[in-house]
Each structure stands twice: as structure tokens, then as C-alpha cells.
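As C-alpha cells, the structure follows; a few thoughts come after it.
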Amino acid sequence: MKAVICERYGPPDSLVVRDLPSPRAGAGEVVISVRAAGVNFPDVLIIENKYQFKPPLPFSPGSELSGVIKEVGDGVNGWRAGDRVMAFTTYGAFAEEVKVEATRLARLPAKMSFEEAAAFVLTYATSDHALRDRAALKTGETLLVLGAAGGVGIAAIEIGKALGARVIACASSEEKLAVCREHGADATINYAAEDLRERIKALTEARGPDVVYDAVGGPYTEPAFRSIAWRGRLLVVGFAAGEIPKLPLNLALLKGASVVGVFWGDFGRREPKPFAESLRQIATWYEQGKLRPHVSEKFPLEKAAEALKLMAARKVKGKVVLTVS
């Protein structure tokens, strides 16, 4: 089977495609014939040795996939060859066949395509964990989403609406904001062309948002936190802008506000029961038509480097997916 391999840390063009032996399922594991794999910003970081998790070289990047079970290992119950599944892997998903622990599997809803499934787990489960678990977002509250046109951003918009919140989407172009409106945003801010604080003030009647969903960092975190409502919650999801911001902590004191970390990968490892419940909830919302993964582009597996370069340049709207024929 073919796999995209990182043999040395570097930019996407340093990746190679290799023929490798097919994996075999051990106890508690399954082997999946991959049909599609999602491309995410951590995939860019992990091949450059900039991510908090560092797999040993050589390795295949890619943290989420969909496909069909090929082989089931000993001790695996409830799964059989031929089942349509999606899975979260941390790394290793950019391959034609992948070995996965059975506990990391979820069934595809009946109407979900493999491409949608590869764009679903990481983004929607991250945003569900952030908004329901970490922020306890309530009906009638206002949610501000930074980087709202990205994968987790669109997921945050849709889950915010499913929870009954008013959603303000922030992005860097009118084209990206149009996508946000298509997915349910009530109002939008172009923070490349508008003053972020002034627009937040105008759109919230100077009250500020109850929850700020921040997967961007950089220059946008502090003005958003300065604008937050009393008892607001700032969700620290990621740093797509590249810079980890340093916040004056007196802002938290003055607003009675909270800075809340969102580390979905470790949540799944440490709290398997709430993790499984979260996967069931987002699958239910999908079946109800409340969640619509936005796959903007597809590349064959062999062109993974091109997909990652788009992600690194922050030119992706929604998700990019690699496909396996």
C-alpha cells in the first residue's frame, strides 16, 4: 500500500510517497481501507516539528480518515469487515490502509459521504467539546468566532446555532465571510478591513460576546478579549496566525472572565465516555441537517503536499480532503 511519509522535518514539499507493507490488526485494533483523509492545520505543524505531539521519524501525517474496515483484530466487538467508519488517529492517516484502535472509530451516518466524514470528526468534535463542555454556551448568548471560515470555525458557527446562540463570524476576506453566512452566521466582521473592537461594540450594543472561540491567536486575541462580556469565556483552541498571544491578566479580573483551554486530543484520551457522547451528539445533529461539512477542495493522496501548502498559506475555506481511489 502507498503512504505519504515524513522522513525528515520540513515544509510540505519534503514529503515523499512510499510503498509499504499492509498493516495487520493486533488485539483491539482494526485495519481500514482508506477512502478519504482530512487535512488540518496541525498536520502542517507536525511535519515541521512545531506541534506539541512529536511522532518518531519516519511517519505519515494526517489525523482523521474515513473508509471501510478491512480486518478486525482479536477482542474487537461490534465491528466487522465492510463497516463504513471514520476515525481519529493523531497521525498516520495519509495512507491507503491504516491500523487504528477500535475505540477511535465511529460509524458513518447513512447519508454521509466518505469525503464529508473525513472533514467531520476533528473539526466538529473539537468545536462541540469547546462550546458545550468547556464554555457551556447557552441559548440566547452571543458567540464570536475568530477564523470562522476554517474547518473548526465553520463547525463552531453551526454548533453555536444548534445550541441557540447568536453567532458573529470573523474572517479576513469578504469571500470567506460569504461562506460563514452560508453556514448560519448572524453577523460578520472582516478583521482585515475593519476595526475589530469597534465592530464588536456595534454588533453587541457595547455588551460584548459571551464566548470567544479563538483558533487564530496572533493580533486578534487581545482585542477580542478586551471586548468580552461580563463573565465571558475565551476559548483557546489554536494559533493559526503563528503567534501565541500574551494576554494582560487584569483583563480577566476586570471582566470576571475566564480563559479556557481546549485540547480535544487529550480530552479523548483522558475522558473516553464524554468523548463518545460528543461523537454521538454531532452525528445526531448531522442527521438532523444542522451540520454540513464544507469541503472546498479535493486532492488525490499523492498530492498531499499541495493540500498542506494551501493550509499553511491560510487559503482554505472549510476543509480540504485527500481522496484514495
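Labels for the C-alpha cells follow display order: chains A, B, ..., residues from 1 in each chain, ligands from 1.
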How close does range 144-165 of chain A get to range 105-128 of chain A? List, as a Markdown table, each residue of range 144-165 of chain A within 7 Å, its nearest atom pair and the distance in Å to one decimal, counting only C-alpha atoms.
| residue | atom | partner | partner_atom | distance |
| --- | --- | --- | --- | --- |
| A:Gly151 | CA | A:Thr123 | CA | 5.7 |
| A:Val152 | CA | A:Thr123 | CA | 4.5 |
| A:Ala155 | CA | A:Tyr124 | CA | 5.1 |
| A:Ala156 | CA | A:Ser127 | CA | 5.2 |
| A:Ile159 | CA | A:Asp128 | CA | 6.7 |
Preceding selection exported with C-alpha atoms as an mmCIF file, in the first residue's frame:
data_model
loop_
_atom_site.group_PDB
_atom_site.id
_atom_site.type_symbol
_atom_site.label_atom_id
_atom_site.label_comp_id
_atom_site.auth_asym_id
_atom_site.auth_seq_id
_atom_site.Cartn_x
_atom_site.Cartn_y
_atom_site.Cartn_z
ATOM 1 C CA GLY A 151 -12.796 23.938 9.372
ATOM 2 C CA VAL A 152 -13.219 24.372 13.127
ATOM 3 C CA ALA A 155 -18.104 23.852 12.837
ATOM 4 C CA ALA A 156 -18.280 26.422 15.655
ATOM 5 C CA ILE A 159 -22.840 24.135 16.603
#
I need the residues in range 63-277 of chain A that are alpha helix (DSSP H) according to DSSP; give them as a PyMOL selection string.
chain A and resi 114-118+121-128+151-162+174-182+196-203+221-226+250-255+264-270+272-277
Skipping near chain neighbours, those fewer than 2 positions away, what residues fall within 8 Å of range 309-320 of chain A using only C-alpha atoms, listed as a ChimeraX atom specification?
/A:12,38-41,44,119,149-154,176,179,293-299,305-307,322
Create the file for the chosen residues now, containing C-alpha atoms and written as a compact mmCIF listing (two decimals), in the first residue's frame.
# COMPACT_ATOMS: atom_id res chain seq x y z
CA PRO A 12 5.20 20.06 2.66
CA GLY A 38 -8.94 15.24 6.19
CA VAL A 39 -6.20 17.88 6.06
CA ASN A 40 -5.85 20.06 9.17
CA PHE A 41 -3.55 22.83 10.36
CA VAL A 44 1.39 21.36 8.79
CA ALA A 119 -13.91 16.53 7.14
CA ALA A 149 -14.15 30.30 7.60
CA GLY A 150 -11.75 27.48 8.55
CA GLY A 151 -12.80 23.94 9.37
CA VAL A 152 -13.22 24.37 13.13
CA GLY A 153 -14.63 27.86 12.58
CA ILE A 154 -17.48 26.68 10.36
CA LYS A 176 -14.59 33.83 3.43
CA VAL A 179 -19.10 31.07 3.36
CA PRO A 293 -19.23 19.86 6.43
CA HIS A 294 -17.79 22.30 3.89
CA VAL A 295 -15.29 20.51 1.63
CA SER A 296 -13.83 23.22 -0.58
CA GLU A 297 -11.21 21.16 -2.45
CA LYS A 298 -10.15 17.55 -3.01
CA PHE A 299 -6.71 16.22 -3.91
CA ALA A 305 1.94 18.37 -0.27
CA GLU A 306 -0.22 20.70 -2.38
CA ALA A 307 -3.10 20.42 0.07
CA LEU A 322 -7.33 13.78 0.23
Would you mind listing what lies within 6 Å of Glu29 in chain A as a list in words, with only C-alpha atoms counted and same-chain residues fewer than 5 positions away left out?
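Here the qualifying residues turn out to be Gly73, Val100, Glu101 and Ala102 of chain A.
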Quick one: DSSP strand (DSSP E or B) residues in range 41-118 of chain A, as a CSV table (one decimal) with C-alpha atoms, in the first residue's frame?
chain,number,residue,atom,x,y,z
A,59,PHE,CA,5.8,8.8,10.0
A,64,GLU,CA,-8.6,11.8,10.5
A,65,LEU,CA,-9.9,9.5,7.9
A,66,SER,CA,-12.9,7.6,6.6
A,67,GLY,CA,-13.1,4.3,4.9
A,68,VAL,CA,-14.1,0.6,5.1
A,69,ILE,CA,-12.9,-1.9,7.7
A,70,LYS,CA,-10.7,-4.5,6.0
A,71,GLU,CA,-9.6,-6.5,9.0
A,72,VAL,CA,-10.7,-6.9,12.6
A,84,ARG,CA,-18.2,2.2,6.9
A,85,VAL,CA,-16.3,4.1,9.5
A,86,MET,CA,-14.4,7.4,10.4
A,87,ALA,CA,-11.5,7.5,12.8
A,88,PHE,CA,-9.2,9.9,14.6
A,95,ALA,CA,-2.1,6.3,3.5
A,97,GLU,CA,-4.5,1.5,4.6
A,98,VAL,CA,-4.3,2.5,8.3
A,99,LYS,CA,-4.3,0.5,11.6
A,100,VAL,CA,-6.5,2.1,14.3
A,101,GLU,CA,-7.5,1.2,17.8
A,105,LEU,CA,-13.9,4.5,15.5
A,106,ALA,CA,-17.3,6.0,14.8
A,107,ARG,CA,-19.9,4.8,12.3
Excluding same-chain residues fewer than 3 positions from range 221-228 of chain A, what lies within 6 Å of it counting only C-alpha atoms, as a list in words?
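Once the nearby chain positions are removed, what remains is Arg197, Gly208, Pro209, Gly217 and Gly232 of chain A.
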Would you mind exporting the chosen residues as a PDB file, in the first residue's frame, restricted to N, CA and C atoms?
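As a result, part25.pdb now contains:
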ATOM      1  N   ARG A 197     -12.564  45.741  17.458  1.00  0.00           N
ATOM      2  CA  ARG A 197     -13.241  46.158  18.686  1.00  0.00           C
ATOM      3  C   ARG A 197     -14.463  47.029  18.395  1.00  0.00           C
ATOM      4  N   GLY A 208     -20.653  43.128  24.325  1.00  0.00           N
ATOM      5  CA  GLY A 208     -19.600  42.162  24.051  1.00  0.00           C
ATOM      6  C   GLY A 208     -20.125  40.746  23.946  1.00  0.00           C
ATOM      7  N   PRO A 209     -19.336  39.850  23.370  1.00  0.00           N
ATOM      8  CA  PRO A 209     -19.753  38.446  23.247  1.00  0.00           C
ATOM      9  C   PRO A 209     -19.583  37.688  24.560  1.00  0.00           C
ATOM     10  N   GLY A 217      -5.336  33.161  17.335  1.00  0.00           N
ATOM     11  CA  GLY A 217      -4.270  33.776  18.110  1.00  0.00           C
ATOM     12  C   GLY A 217      -3.746  35.017  17.424  1.00  0.00           C
ATOM     13  N   GLY A 232     -17.586  36.476  30.597  1.00  0.00           N
ATOM     14  CA  GLY A 232     -17.320  35.847  29.314  1.00  0.00           C
ATOM     15  C   GLY A 232     -16.267  34.762  29.398  1.00  0.00           C
TER      16      GLY A 232
END
Write out as an NGL selection string each polymer residue whose atoms come within 8 Å of Gly184 in chain A, counting only C-alpha atoms; drop sequence neighbours fewer than 2 positions from it.
:A and (157-158 or 161 or 167 or 180-182 or 186)
Limited to N, CA and C atoms, could you put the picked residues into a file as a short mmCIF file (atom, residue, chain, number, x, y, z; two decimals), in the first residue's frame?
data_model
loop_
_atom_site.label_atom_id
_atom_site.label_comp_id
_atom_site.auth_asym_id
_atom_site.auth_seq_id
_atom_site.Cartn_x
_atom_site.Cartn_y
_atom_site.Cartn_z
N ILE A 157 -19.60 27.79 14.11
CA ILE A 157 -20.79 28.52 13.71
C ILE A 157 -22.01 27.62 13.78
N GLU A 158 -21.92 26.45 13.16
CA GLU A 158 -23.09 25.56 13.08
C GLU A 158 -23.49 25.01 14.44
N LYS A 161 -25.19 27.74 16.45
CA LYS A 161 -26.59 27.89 16.06
C LYS A 161 -27.44 26.74 16.58
N VAL A 167 -24.49 34.13 16.52
CA VAL A 167 -23.11 33.90 16.11
C VAL A 167 -22.60 35.05 15.25
N CYS A 180 -19.21 31.85 5.65
CA CYS A 180 -19.72 31.86 7.03
C CYS A 180 -21.22 32.12 7.07
N ARG A 181 -21.69 33.05 6.26
CA ARG A 181 -23.12 33.33 6.22
C ARG A 181 -23.90 32.14 5.67
N GLU A 182 -23.33 31.44 4.69
CA GLU A 182 -23.98 30.24 4.15
C GLU A 182 -24.19 29.18 5.23
N ASP A 186 -24.95 34.93 11.96
CA ASP A 186 -25.94 36.01 12.03
C ASP A 186 -25.34 37.35 11.63
#
Glu277 in chain A: which residues within 12 Å, counting only C-alpha atoms, same-chain residues fewer than 4 positions away excluded, as number ranges by chain?
A: 106, 125, 128-129, 132-133, 268, 271-273, 281-284
Please produce a file of those selected residues containing C-alpha atoms, as a compact mmCIF listing (two decimals), in the first residue's frame.
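Below you can see again12.txt, which holds the result:
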# COMPACT_ATOMS: atom_id res chain seq x y z
CA ALA A 106 -17.28 5.99 14.75
CA ALA A 125 -15.83 17.23 17.78
CA ASP A 128 -18.52 20.60 20.31
CA HIS A 129 -16.06 19.97 23.16
CA ARG A 132 -20.75 22.60 25.11
CA ASP A 133 -18.17 21.26 27.55
CA GLY A 268 -10.48 11.94 24.00
CA GLU A 271 -12.30 11.17 29.21
CA PRO A 272 -13.50 8.42 26.85
CA LYS A 273 -17.15 8.42 27.95
CA GLN A 281 -24.22 14.27 19.54
CA ILE A 282 -22.53 15.63 16.43
CA ALA A 283 -23.68 12.59 14.43
CA THR A 284 -27.26 13.27 15.57
When distances are computed from only C-alpha atoms, which of A:Trp79, A:Glu96, A:Leu57, A:Ala193 shows the smallest separation from Asp19 in chain A?
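Using only C-alpha atoms, Asp19 in chain A sits closest to A:Glu96.
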My list of candidates is A:Leu253, A:Leu291, A:Gly62, A:Ala178. Which is closest to Leu163 in chain A when distances are computed with only C-alpha atoms?
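Selected residue with least distance to Leu163 in chain A: A:Leu291.
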